[in-house]
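> Quick one, query.cif (mmCIF, C-alpha atoms and all ligand atoms):
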```cif
data_run
loop_
_atom_site.label_atom_id
_atom_site.label_comp_id
_atom_site.auth_asym_id
_atom_site.auth_seq_id
_atom_site.Cartn_x
_atom_site.Cartn_y
_atom_site.Cartn_z
CA MET T 1 89.28 99.17 59.68
CA MET T 2 89.53 95.59 60.86
CA ASN T 3 93.02 94.52 61.69
CA ASN T 4 93.46 90.96 62.85
CA ALA T 5 97.20 90.92 62.45
CA GLY T 6 97.85 89.67 65.98
CA PRO T 7 98.18 86.06 67.09
CA ALA T 8 95.11 84.14 66.00
CA ASN T 9 94.55 82.48 69.37
CA SER T 10 91.28 84.16 70.33
CA ALA T 11 88.91 81.64 71.89
CA LEU T 12 85.94 83.52 70.48
CA ASN T 13 84.44 83.30 67.08
CA ARG T 14 84.46 87.01 66.39
CA ARG T 15 81.68 86.77 63.85
CA MET T 16 79.32 85.45 66.51
CA LEU T 17 79.44 88.85 68.10
CA LEU T 18 79.76 91.14 65.13
CA GLY T 19 76.38 92.30 64.05
CA THR T 20 74.52 90.44 66.78
CA ALA T 21 76.20 91.52 70.03
CA SER T 22 73.17 90.36 71.96
CA ALA T 23 73.27 90.03 75.69
CA ALA T 24 72.53 86.35 75.40
CA ALA T 25 75.29 85.68 72.90
CA ALA T 26 77.83 87.60 74.92
CA GLY T 27 76.69 86.05 78.17
CA ALA T 28 77.07 82.59 76.72
CA LEU T 29 80.72 83.33 76.07
CA LEU T 30 81.67 84.23 79.60
CA GLY T 31 83.63 81.06 80.19
CA GLY T 32 85.59 81.54 83.39
CA CYS T 33 83.23 84.10 84.93
CA SER T 34 80.96 83.15 87.76
CA ARG T 35 77.48 82.30 86.52
CA SER T 36 75.90 83.66 89.66
CA ALA T 37 77.58 86.98 88.92
CA LEU T 38 75.48 87.10 85.80
CA ALA T 39 72.17 86.29 87.42
CA ALA T 40 71.55 89.74 88.79
CA PRO T 41 71.31 91.86 85.61
CA SER T 42 67.78 90.72 84.90
CA GLN T 43 66.76 92.36 88.17
CA ILE T 44 67.98 95.79 87.17
CA PRO T 45 65.22 98.09 85.98
CA PRO T 46 65.73 99.76 82.62
CA ALA T 47 67.85 102.90 82.82
CA THR T 48 66.07 106.22 83.11
CA MET T 49 67.37 107.92 80.00
CA LEU T 50 67.71 111.67 79.73
CA ARG T 51 67.93 113.52 76.45
CA PRO T 52 70.03 114.99 75.01
CA ALA T 53 72.80 112.52 75.81
CA LEU T 54 75.90 113.77 77.60
CA ASP T 55 77.97 113.02 74.51
CA SER T 56 75.60 115.11 72.37
CA ILE T 57 75.69 118.01 74.81
CA GLY T 58 79.48 117.83 74.81
CA ALA T 59 79.59 117.60 71.01
CA GLU T 60 78.20 121.12 70.75
CA ARG T 61 81.50 122.30 72.26
CA ASN T 62 83.61 119.59 70.57
CA ILE T 63 83.88 117.63 73.81
CA ASN T 64 83.54 113.83 73.79
CA PHE T 65 81.92 112.06 76.71
CA GLY T 66 82.40 108.41 77.52
CA SER T 67 82.76 105.78 80.20
CA ALA T 68 84.71 102.76 81.29
CA PHE T 69 82.92 99.48 80.85
CA ALA T 70 83.89 96.13 82.28
CA TRP T 71 83.49 92.41 82.07
CA ALA T 72 81.69 90.63 84.90
CA ARG T 73 83.62 90.47 88.17
CA PRO T 74 83.19 87.83 90.82
CA GLY T 75 80.33 88.82 93.09
CA VAL T 76 79.37 91.84 90.99
CA ASP T 77 77.14 91.64 87.96
CA ALA T 78 78.55 92.93 84.74
CA GLY T 79 79.06 96.65 84.19
CA SER T 80 79.10 95.72 80.59
CA PHE T 81 77.25 95.00 77.40
CA VAL T 82 76.24 91.57 78.75
CA ASN T 83 73.78 93.49 80.93
CA SER T 84 71.20 94.90 78.56
CA ALA T 85 69.99 97.69 80.89
CA TYR T 86 73.52 98.95 81.43
CA ALA T 87 74.38 98.49 77.77
CA ALA T 88 71.45 100.76 76.87
CA LEU T 89 72.74 103.39 79.28
CA LEU T 90 76.27 103.24 77.83
CA ARG T 91 74.87 103.46 74.33
CA GLY T 92 72.54 106.28 75.33
CA GLU T 93 75.09 108.56 77.00
CA CYS T 94 78.51 107.82 75.51
CA GLY T 95 80.47 108.40 72.34
CA MET T 96 83.63 106.77 73.65
CA LEU T 97 84.46 103.77 75.83
CA THR T 98 87.44 102.39 77.76
CA ALA T 99 87.70 98.76 78.89
CA GLU T 100 88.20 99.06 82.64
CA ASN T 101 90.51 96.05 83.01
CA GLU T 102 90.48 93.84 79.96
CA MET T 103 93.36 95.35 77.98
CA LYS T 104 95.78 95.23 80.91
CA TRP T 105 98.72 92.80 80.92
CA GLN T 106 97.01 90.95 83.76
CA ALA T 107 94.07 90.26 81.45
CA LEU T 108 95.86 89.77 78.12
CA ARG T 109 99.00 87.93 79.24
CA PRO T 110 98.34 84.68 81.12
CA SER T 111 101.98 83.73 80.55
CA PRO T 112 105.16 85.07 78.90
CA THR T 113 104.38 83.23 75.69
CA GLN T 114 100.60 83.68 75.47
CA PHE T 115 98.08 86.38 74.64
CA ASP T 116 94.38 85.93 75.43
CA PHE T 117 92.29 88.47 73.58
CA ALA T 118 88.89 86.76 73.99
CA ARG T 119 87.23 89.23 76.34
CA PHE T 120 88.79 92.39 75.01
CA ASP T 121 88.01 91.40 71.41
CA ALA T 122 84.35 90.99 72.35
CA MET T 123 84.29 94.41 73.99
CA VAL T 124 85.99 96.10 71.03
CA ASP T 125 83.52 94.44 68.68
CA TRP T 126 80.56 95.59 70.74
CA ALA T 127 81.78 99.18 71.02
CA GLU T 128 82.28 99.22 67.29
CA THR T 129 78.80 97.89 66.52
CA GLN T 130 77.42 100.71 68.70
CA GLY T 131 79.40 103.31 66.77
CA MET T 132 81.49 104.26 69.80
CA LYS T 133 85.16 105.20 69.76
CA LEU T 134 87.58 103.29 71.94
CA ARG T 135 90.44 104.28 74.21
CA GLY T 136 92.97 101.58 75.06
CA HIS T 137 93.90 101.22 78.74
CA THR T 138 96.76 100.44 79.18
CA LEU T 139 99.76 99.22 77.21
CA LEU T 140 102.03 99.34 80.26
CA TRP T 141 100.94 99.82 83.86
CA HIS T 142 104.44 100.45 85.16
CA TYR T 143 103.78 99.38 88.73
CA ASP T 144 104.82 95.93 89.97
CA ARG T 145 101.68 95.65 92.11
CA TRP T 146 99.67 95.36 88.91
CA PHE T 147 102.09 93.25 86.86
CA PRO T 148 101.07 89.65 86.23
CA ASP T 149 102.89 87.43 88.77
CA TRP T 150 105.00 85.86 86.04
CA LEU T 151 106.38 89.28 85.05
CA ASN T 152 107.44 90.11 88.59
CA ALA T 153 109.23 86.75 88.83
CA TYR T 154 110.56 86.80 85.27
CA ASP T 155 114.01 85.38 84.50
CA TYR T 156 115.52 87.84 82.02
CA GLY T 157 118.44 85.51 81.29
CA VAL T 158 122.00 86.42 80.37
CA ARG T 159 121.10 89.52 78.32
CA PRO T 160 118.45 91.14 80.54
CA ALA T 161 118.25 94.46 78.66
CA ALA T 162 117.68 92.75 75.32
CA GLU T 163 115.04 90.47 76.83
CA ALA T 164 113.18 93.35 78.52
CA ASP T 165 113.26 95.26 75.25
CA ARG T 166 111.89 92.25 73.42
CA LEU T 167 109.04 91.79 75.92
CA VAL T 168 107.89 95.42 75.84
CA VAL T 169 108.15 95.73 72.07
CA GLU T 170 106.36 92.42 71.51
CA HIS T 171 103.52 93.41 73.81
CA VAL T 172 102.96 96.93 72.50
CA ARG T 173 103.35 95.88 68.87
CA THR T 174 101.03 92.90 69.18
CA VAL T 175 98.21 94.84 70.83
CA THR T 176 98.42 97.95 68.66
CA ALA T 177 98.75 95.93 65.44
CA ARG T 178 95.78 93.75 66.35
CA TYR T 179 93.38 96.65 66.81
CA GLY T 180 94.77 99.09 64.25
CA THR T 181 92.69 102.23 63.89
CA ARG T 182 89.86 100.72 65.92
CA ILE T 183 91.52 102.23 69.01
CA VAL T 184 91.91 105.99 68.70
CA SER T 185 93.81 106.79 71.90
CA TYR T 186 96.06 104.74 74.20
CA ASP T 187 97.07 105.16 77.80
CA VAL T 188 100.47 103.92 76.71
CA VAL T 189 101.93 104.15 80.21
CA ASN T 190 99.91 104.23 83.42
CA GLU T 191 100.99 105.35 86.90
CA ALA T 192 104.78 105.24 86.57
CA VAL T 193 105.36 107.89 89.27
CA ASP T 194 105.49 106.98 92.96
CA PRO T 195 103.14 109.49 94.65
CA GLU T 196 105.10 109.49 97.92
CA THR T 197 108.50 110.39 96.47
CA GLY T 198 107.72 111.71 92.99
CA THR T 199 110.35 109.36 91.57
CA LEU T 200 109.73 106.72 88.92
CA ARG T 201 108.69 103.28 90.09
CA GLU T 202 111.15 100.46 89.50
CA THR T 203 109.94 97.11 88.22
CA SER T 204 111.51 93.93 86.88
CA LEU T 205 111.42 95.56 83.44
CA SER T 206 113.22 98.75 84.51
CA ARG T 207 115.86 96.81 86.43
CA ALA T 208 116.49 94.62 83.39
CA LEU T 209 116.52 97.47 80.89
CA GLY T 210 118.61 99.79 83.03
CA SER T 211 116.15 102.54 83.94
CA ALA T 212 112.44 103.30 84.20
CA GLU T 213 112.82 106.11 81.65
CA ALA T 214 114.17 103.60 79.13
CA VAL T 215 111.11 101.35 79.60
CA LEU T 216 108.61 104.19 79.26
CA ASP T 217 110.36 105.67 76.21
CA LEU T 218 110.43 102.25 74.59
CA ALA T 219 106.69 101.79 75.14
CA PHE T 220 105.86 105.19 73.61
CA ASN T 221 108.27 104.83 70.69
CA THR T 222 106.87 101.39 69.88
CA ALA T 223 103.29 102.63 70.13
CA ARG T 224 104.01 105.53 67.77
CA ALA T 225 105.68 103.19 65.28
CA HIS T 226 102.80 100.68 65.24
CA ALA T 227 99.81 102.97 65.90
CA PRO T 228 100.81 106.19 64.15
CA HIS T 229 97.16 107.29 63.98
CA ALA T 230 96.58 107.09 67.76
CA GLU T 231 96.79 109.69 70.48
CA LEU T 232 99.48 108.55 72.94
CA VAL T 233 98.79 109.39 76.59
CA TYR T 234 100.74 109.24 79.85
CA ASN T 235 98.02 108.52 82.45
CA ASP T 236 98.25 109.11 86.22
CA TYR T 237 96.18 109.91 89.32
CA MET T 238 97.87 113.02 90.69
CA SER T 239 94.83 115.04 91.62
CA TRP T 240 93.90 118.48 92.88
CA GLU T 241 93.33 117.56 96.52
CA PRO T 242 96.02 118.55 99.06
CA GLY T 243 98.70 115.91 99.53
CA ASN T 244 99.32 115.38 95.82
CA GLU T 245 102.17 117.90 95.52
CA ARG T 246 105.04 115.36 95.32
CA HIS T 247 103.08 113.34 92.81
CA GLN T 248 102.41 116.38 90.63
CA GLU T 249 106.08 117.42 90.75
CA GLY T 250 107.12 113.92 89.74
CA VAL T 251 104.69 113.90 86.81
CA LEU T 252 105.95 117.30 85.64
CA ARG T 253 109.54 116.03 85.77
CA LEU T 254 108.55 112.98 83.77
CA LEU T 255 106.74 115.09 81.16
CA GLN T 256 109.77 117.40 80.89
CA GLY T 257 111.99 114.35 80.40
CA PHE T 258 109.76 113.06 77.61
CA ARG T 259 110.10 116.38 75.80
CA ALA T 260 113.87 116.55 76.37
CA ARG T 261 114.34 113.05 74.94
CA GLY T 262 111.87 113.50 72.08
CA THR T 263 109.60 110.73 73.39
CA PRO T 264 106.31 110.79 71.44
CA VAL T 265 103.71 111.64 74.10
CA ASP T 266 100.67 113.67 73.02
CA ALA T 267 98.65 114.14 76.18
CA LEU T 268 98.51 113.83 79.94
CA GLY T 269 95.71 111.58 81.13
CA VAL T 270 94.35 113.20 84.29
CA GLN T 271 92.52 110.27 85.83
CA SER T 272 90.33 112.48 88.03
CA HIS T 273 89.48 110.10 90.84
CA LEU T 274 88.26 113.07 92.86
CA ALA T 275 87.67 112.84 96.59
CA ILE T 276 85.86 114.94 99.16
CA PHE T 277 87.85 114.01 102.25
CA GLU T 278 87.12 116.92 104.55
CA SER T 279 83.81 117.16 106.33
CA GLY T 280 82.07 120.38 107.23
CA VAL T 281 83.82 122.51 104.59
CA PRO T 282 81.39 124.04 102.07
CA ILE T 283 82.10 122.68 98.59
CA PRO T 284 82.63 126.10 96.95
CA GLU T 285 85.29 126.78 99.57
CA LEU T 286 87.06 123.48 98.82
CA VAL T 287 86.95 124.22 95.09
CA ALA T 288 88.25 127.76 95.56
CA ARG T 289 91.00 126.55 97.89
CA GLN T 290 92.25 123.82 95.56
CA SER T 291 91.95 125.65 92.24
CA PRO T 292 95.02 127.96 92.12
CA ALA T 293 97.67 125.27 92.67
CA TRP T 294 95.89 122.90 90.31
CA ARG T 295 95.81 125.57 87.61
CA GLY T 296 99.53 126.06 88.15
CA PHE T 297 100.08 122.36 87.52
CA LEU T 298 97.89 122.27 84.40
CA ASP T 299 99.46 125.47 83.05
CA ALA T 300 102.88 123.84 83.30
CA VAL T 301 101.59 120.73 81.49
CA VAL T 302 100.01 122.58 78.57
CA ALA T 303 103.00 124.95 78.32
CA MET T 304 105.02 121.88 77.31
CA GLY T 305 102.59 121.29 74.46
CA TYR T 306 100.62 118.41 75.98
CA ARG T 307 96.90 117.98 75.50
CA LEU T 308 94.75 116.91 78.46
CA VAL T 309 92.33 113.98 78.78
CA ILE T 310 90.03 113.23 81.72
CA THR T 311 90.38 109.47 81.66
CA GLU T 312 88.71 108.08 84.83
CA LEU T 313 86.29 110.54 86.43
CA ASP T 314 84.53 109.67 89.70
CA THR T 315 84.10 111.41 93.05
CA ARG T 316 84.57 109.81 96.46
CA ASP T 317 82.13 111.15 99.03
CA ARG T 318 83.59 110.06 102.39
CA GLY T 319 83.75 113.62 103.77
CA LEU T 320 80.02 114.14 103.25
CA PRO T 321 77.22 113.01 105.58
CA ALA T 322 75.29 109.82 104.78
CA ASP T 323 72.10 111.71 103.85
CA ILE T 324 71.64 110.95 100.17
CA ALA T 325 70.30 114.32 99.05
CA ILE T 326 73.12 116.20 100.79
CA ARG T 327 75.72 113.77 99.49
CA ASP T 328 74.49 113.85 95.91
CA ALA T 329 74.38 117.66 95.93
CA GLY T 330 77.93 117.79 97.34
CA VAL T 331 79.32 115.34 94.79
CA ALA T 332 77.61 117.27 91.99
CA ALA T 333 78.94 120.65 93.15
CA TYR T 334 82.47 119.34 93.60
CA THR T 335 82.45 117.63 90.19
CA ARG T 336 81.04 120.76 88.57
CA GLY T 337 83.72 122.99 90.11
CA TYR T 338 86.40 120.61 88.90
CA LEU T 339 84.98 120.28 85.37
CA ASP T 340 84.55 124.06 85.01
CA LEU T 341 88.24 124.48 85.78
CA MET T 342 89.34 121.61 83.54
CA LEU T 343 87.14 122.64 80.62
CA SER T 344 88.56 126.16 80.69
CA TYR T 345 91.55 124.49 78.98
CA PRO T 346 90.90 124.11 75.24
CA GLN T 347 93.50 121.32 75.28
CA LEU T 348 90.88 119.09 76.98
CA THR T 349 88.46 117.42 74.60
CA ASP T 350 87.63 114.02 76.15
CA VAL T 351 85.87 113.38 79.46
CA ILE T 352 85.63 109.71 80.42
CA ALA T 353 83.81 108.60 83.58
CA TRP T 354 85.10 105.48 85.36
CA GLY T 355 81.71 103.81 84.96
CA LEU T 356 78.26 105.37 84.79
CA SER T 357 76.47 103.74 87.71
CA ASP T 358 77.19 103.38 91.44
CA ARG T 359 76.17 99.76 90.94
CA TYR T 360 79.52 98.93 89.37
CA GLY T 361 82.18 101.48 90.27
CA TRP T 362 85.47 100.33 91.81
CA LEU T 363 84.69 102.71 94.70
CA ARG T 364 82.13 100.22 96.02
CA THR T 365 84.95 98.08 97.38
CA PHE T 366 88.13 100.18 97.18
CA ASP T 367 87.45 102.76 99.88
CA PRO T 368 84.26 101.98 101.79
CA ARG T 369 82.87 104.85 103.84
CA PRO T 370 83.47 104.55 107.60
CA ASP T 371 79.68 104.46 108.16
CA GLY T 372 79.36 101.57 105.70
CA VAL T 373 76.82 103.21 103.39
CA PRO T 374 77.56 102.62 99.69
CA THR T 375 79.46 105.39 97.89
CA ARG T 376 77.64 107.52 95.32
CA GLY T 377 80.47 108.77 93.13
CA LEU T 378 79.12 108.21 89.61
CA PRO T 379 76.43 109.97 87.52
CA TYR T 380 73.74 107.25 87.89
CA ASP T 381 72.58 105.42 91.01
CA THR T 382 72.46 101.65 91.52
CA ASP T 383 69.08 101.45 89.75
CA LEU T 384 70.42 103.40 86.77
CA ARG T 385 68.56 106.58 87.68
CA PRO T 386 70.34 109.87 86.92
CA LYS T 387 71.74 111.79 89.88
CA PRO T 388 72.69 115.45 90.33
CA MET T 389 76.22 114.52 89.21
CA ARG T 390 74.80 113.78 85.77
CA THR T 391 73.20 117.23 85.69
CA ALA T 392 76.49 118.76 86.83
CA ILE T 393 78.37 117.18 83.93
CA ALA T 394 75.71 118.33 81.45
CA GLU T 395 75.80 121.88 82.83
CA ALA T 396 79.60 121.99 82.82
CA PHE T 397 79.56 120.99 79.14
CA ARG T 398 76.92 123.62 78.33
CA ALA T 399 78.92 126.32 80.14
CA ALA T 400 82.27 125.31 78.61
CA PRO T 401 83.91 127.44 75.97
CA SER T 402 83.84 125.74 72.59
CA ARG T 403 87.07 124.22 71.42
CA PRO T 404 88.44 123.48 67.96
CA ALA T 405 87.10 120.31 66.31
CA GLN T 406 89.62 117.46 66.53
O1 LIG Y 501 88.64 99.95 88.33
C1 LIG Y 501 89.69 99.01 88.18
C2 LIG Y 501 89.47 97.83 89.10
O2 LIG Y 501 88.30 97.12 88.70
C3 LIG Y 501 90.67 96.90 89.06
O3 LIG Y 501 90.51 95.89 90.03
C4 LIG Y 501 91.95 97.66 89.32
C5 LIG Y 501 93.17 96.78 89.13
O4 LIG Y 501 93.31 96.33 87.81
O5 LIG Y 501 92.06 98.76 88.41
C6 LIG Y 501 91.00 99.67 88.52
O6 LIG Y 501 91.18 100.73 87.60
C7 LIG Y 501 92.29 101.57 87.85
C8 LIG Y 501 92.86 101.97 86.52
O7 LIG Y 501 93.20 100.84 85.77
C9 LIG Y 501 94.06 102.87 86.70
N1 LIG Y 501 93.74 104.01 87.53
C10 LIG Y 501 93.11 103.71 88.81
C11 LIG Y 501 91.87 102.86 88.58
C12 LIG Y 501 91.14 102.61 89.89
O8 LIG Y 501 91.97 101.89 90.75
#
```
Could you write out this file's structure as structure tokens?


Amino acid sequence: MMNNAGPANSALNRRMLLGTASAAAAGALLGGCSRSALAAPSQIPPATMLRPALDSIGAERNINFGSAFAWARPGVDAGSFVNSAYAALLRGECGMLTAENEMKWQALRPSPTQFDFARFDAMVDWAETQGMKLRGHTLLWHYDRWFPDWLNAYDYGVRPAAEADRLVVEHVRTVTARYGTRIVSYDVVNEAVDPETGTLRETSLSRALGSAEAVLDLAFNTARAHAPHAELVYNDYMSWEPGNERHQEGVLRLLQGFRARGTPVDALGVQSHLAIFESGVPIPELVARQSPAWRGFLDAVVAMGYRLVITELDTRDRGLPADIAIRDAGVAAYTRGYLDLMLSYPQLTDVIAWGLSDRYGWLRTFDPRPDGVPTRGLPYDTDLRPKPMRTAIAEAFRAAPSRPAQ
């Protein structure tokens, strides 16, 4: 269904993209993006495609596979449909996509009174022309570090609670109404729990409205009212590595609170930014060591009736030696151990990687290895050649118990 109910201020002529979606057409629309950032895609060799696709392998067990995709970033060519080699890889492997950044407030809300849907519209259109489902990330990243500057400095006036309510409702309603059933699942709230303390983060919105719980509940209730078809997800990065205990406890408390207050939350988004921090420990030992506590956490989540979604899978390799063969084997084994555990839960049906190629992942810049060699945390290398991590995902899907069709 097409739903253009939102503000009609898109700078793009949507019909230019619908049906054509060519790299040239999309590239011509990049506006503010650096032109030099777009020069590189022509140098990328075509992807080495394996068959069957990961999404098809998953489909045999009723598991969907997908990836984040992004608009061009300064200094990095586009991990996106504007790059035809990468677009072919996304199309070839995925049944579902998430825009990595372009649905965030920072992207959609240049000011309190404006929405700018140009880029995200183009991405939604492209995904749709490729027959791929879309997840929406995120209606509210409840963390002031990632608020637009204007929202951190916002003057809520003489009735702050009413104004905060108005802002949240306006945002969630406008986005969900604009895309209608074109978006099947939303990370309604992202990263509301402080990992150090396990308590909820405060922001200008929570201070104005009275509590963080009130802001999160409002976002979910508004999403349910305006996107009744969609799966509503609380998404966070508590992970299975040691050191995440406070974070996990905080997420469990939040999920219990949602249930106690009747907040409409369907699933926990387990981001799954995995990390091999320790060196010299055999991977099977790491997996065995981390599994029991992680199962305890997941058991508690599903016991409350939540489904699970892997929303942002990648694997940091800083604990492994630089040698590529050793590193790739370690990343694959670690990812496989994790997926085997996760897929033993029938409540998990969607596995989304945070990008398909090491060429584009956020890990390139977020946490460089001490030895300076580029990280290799995604299923394809920088030249779009499949790595052992791709095989690990395929084998985990093949070994997974089948789950009910959604
Ligand atoms: O990968 C994203 C990176 O390109 C952005 O600069 C960053 C800030 O918007 O967000 C990254 O994605 C994050 C996601 O939105 C939420 N979970 C953690 C992801 C990695 O930081």

> I'd like the contact shell of Ala230 (chain T) - 12 Å cut-off, all atoms listed in the file, skipping same-chain residues fewer than 2 positions apart - returned as a tab-separated table (two decimals) with C-alpha atoms, keeping the file's coordinate frame.


```tsv
chain	number	residue	atom	x	y	z
T	133	LYS	CA	85.16	105.20	69.76
T	134	LEU	CA	87.58	103.29	71.94
T	135	ARG	CA	90.44	104.28	74.21
T	136	GLY	CA	92.97	101.58	75.06
T	176	THR	CA	98.42	97.95	68.66
T	177	ALA	CA	98.75	95.93	65.44
T	179	TYR	CA	93.38	96.65	66.81
T	180	GLY	CA	94.77	99.09	64.25
T	181	THR	CA	92.69	102.23	63.89
T	182	ARG	CA	89.86	100.72	65.92
T	183	ILE	CA	91.52	102.23	69.01
T	184	VAL	CA	91.91	105.99	68.70
T	185	SER	CA	93.81	106.79	71.90
T	186	TYR	CA	96.06	104.74	74.20
T	187	ASP	CA	97.07	105.16	77.80
T	188	VAL	CA	100.47	103.92	76.71
T	220	PHE	CA	105.86	105.19	73.61
T	222	THR	CA	106.87	101.39	69.88
T	223	ALA	CA	103.29	102.63	70.13
T	224	ARG	CA	104.01	105.53	67.77
T	225	ALA	CA	105.68	103.19	65.28
T	226	HIS	CA	102.80	100.68	65.24
T	227	ALA	CA	99.81	102.97	65.90
T	228	PRO	CA	100.81	106.19	64.15
T	232	LEU	CA	99.48	108.55	72.94
T	233	VAL	CA	98.79	109.39	76.59
T	264	PRO	CA	106.31	110.79	71.44
T	265	VAL	CA	103.71	111.64	74.10
T	266	ASP	CA	100.67	113.67	73.02
T	267	ALA	CA	98.65	114.14	76.18
```

> Check which residues fall inside 6 Å of ligand LIG 501 (chain Y) when counting all atoms listed in the file, and print them as a PyMOL selection string.

chain T and resi 100-101+362

> Could you please determine the separation between CA of Met103 (chain T) and CA of Arg359 (chain T) in Å, to one decimal place?

22.0 Å

> Residues of region 82-185 of chain T that approach region 55-69 of chain T to 9 Å or less, counting all atoms listed in the file: could you list each one with the shortest pair of atoms and its distance in Å to one decimal, rows by chain and increasing residue number, as CSV?


```
residue,atom,partner,partner_atom,distance
T:Leu90,CA,T:Ser67,CA,7.4
T:Gly92,CA,T:Asp55,CA,8.7
T:Glu93,CA,T:Asp55,CA,5.9
T:Cys94,CA,T:Gly66,CA,4.4
T:Gly95,CA,T:Gly66,CA,5.5
T:Met96,CA,T:Gly66,CA,4.4
T:Leu97,CA,T:Ser67,CA,5.1
T:Thr98,CA,T:Ala68,CA,4.5
T:Ala99,CA,T:Phe69,CA,5.2
T:Glu100,CA,T:Ala68,CA,5.3
T:Asn101,CA,T:Phe69,CA,8.6
T:Met123,CA,T:Phe69,CA,8.6
T:Met132,CA,T:Gly66,CA,8.8
T:Lys133,CA,T:Gly66,CA,8.8
```

> In Å, with one decimal, what is the gap from CA of Asp144 (chain T) to CA of Leu298 (chain T)?

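These two atoms are separated by 27.8 Å.
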
> Which residue gives the smallest distance to Ile283 (chain T) among T:Glu202, T:Asp328, T:Asp314, T:Asp323, with all atoms listed in the file counted?

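So, comparing all the options, the nearest one is T:Asp328.
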
> Between T:Glu102, T:Glu191, T:Glu163, T:Asp350, which residue has the minimum interatomic distance to Tyr234 (chain T), considering all atoms listed in the file?

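Looking only at the distances to Tyr234 (chain T), the closest residue turns out to be T:Glu191.
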
> With distances taken over only C-alpha atoms, which residue among T:Val373, T:Ala325, T:Ala293, T:Ala396 lies nearest Gly337 (chain T)?

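Smallest separation from Gly337 (chain T) among the options: T:Ala396.
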
> Please identify all polymer residues within 12 Å of Ser204 (chain T), counting all atoms listed in the file, omitting same-chain residues fewer than 3 positions from it, and present them as a list of chain:residue names.

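My reading of the contact set: T:His142, T:Tyr143, T:Asp144, T:Arg145, T:Phe147, T:Pro148, T:Asp149, T:Trp150, T:Leu151, T:Asn152, T:Ala153, T:Tyr154, T:Asp155, T:Tyr156, T:Pro160, T:Ala161, T:Glu163, T:Ala164, T:Asp165, T:Leu167, T:Val168, T:Arg201, T:Arg207, T:Ala208, T:Leu209, T:Gly210, T:Ser211, T:Ala212, T:Val215.
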
> Just give me the gap between CA of Ser272 (chain T) and CA of Ile393 (chain T) in Å, one decimal is fine.

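That distance, rounded to one decimal, is 13.5 Å.
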
> Which residue out of T:Ala300, T:Val251, T:Val287, T:Leu108 has the minimum interatomic distance to Thr199 (chain T) when all atoms listed in the file are used?

T:Val251

> From the set T:Pro404, T:Val351, T:Gly330, T:Gln256, which residue has the shortest atom-to-atom contact distance to Lys387 (chain T), counting all atoms listed in the file?

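Looking at the shortest contact to Lys387 (chain T), the residue is T:Gly330.
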
> Could you give me, as a VMD selection string, the residues that sit within 7 Å of (98.2, 96.4, 77.0) in the file's coordinates, counting only C-alpha atoms?

chain T and resid 103 to 105 137 to 140 171 to 172 175

> Select all residues near (82.2, 112.9, 91.5) (cut-off 9 Å, inclusive, file coordinates), counting all atoms listed in the file, and output them as a count of residues only.

23

> Which is closer to Leu54 (chain T) than all the others in T:Ser84, T:Asp381, T:Asp125, T:Leu89, using all atoms listed in the file?

T:Leu89
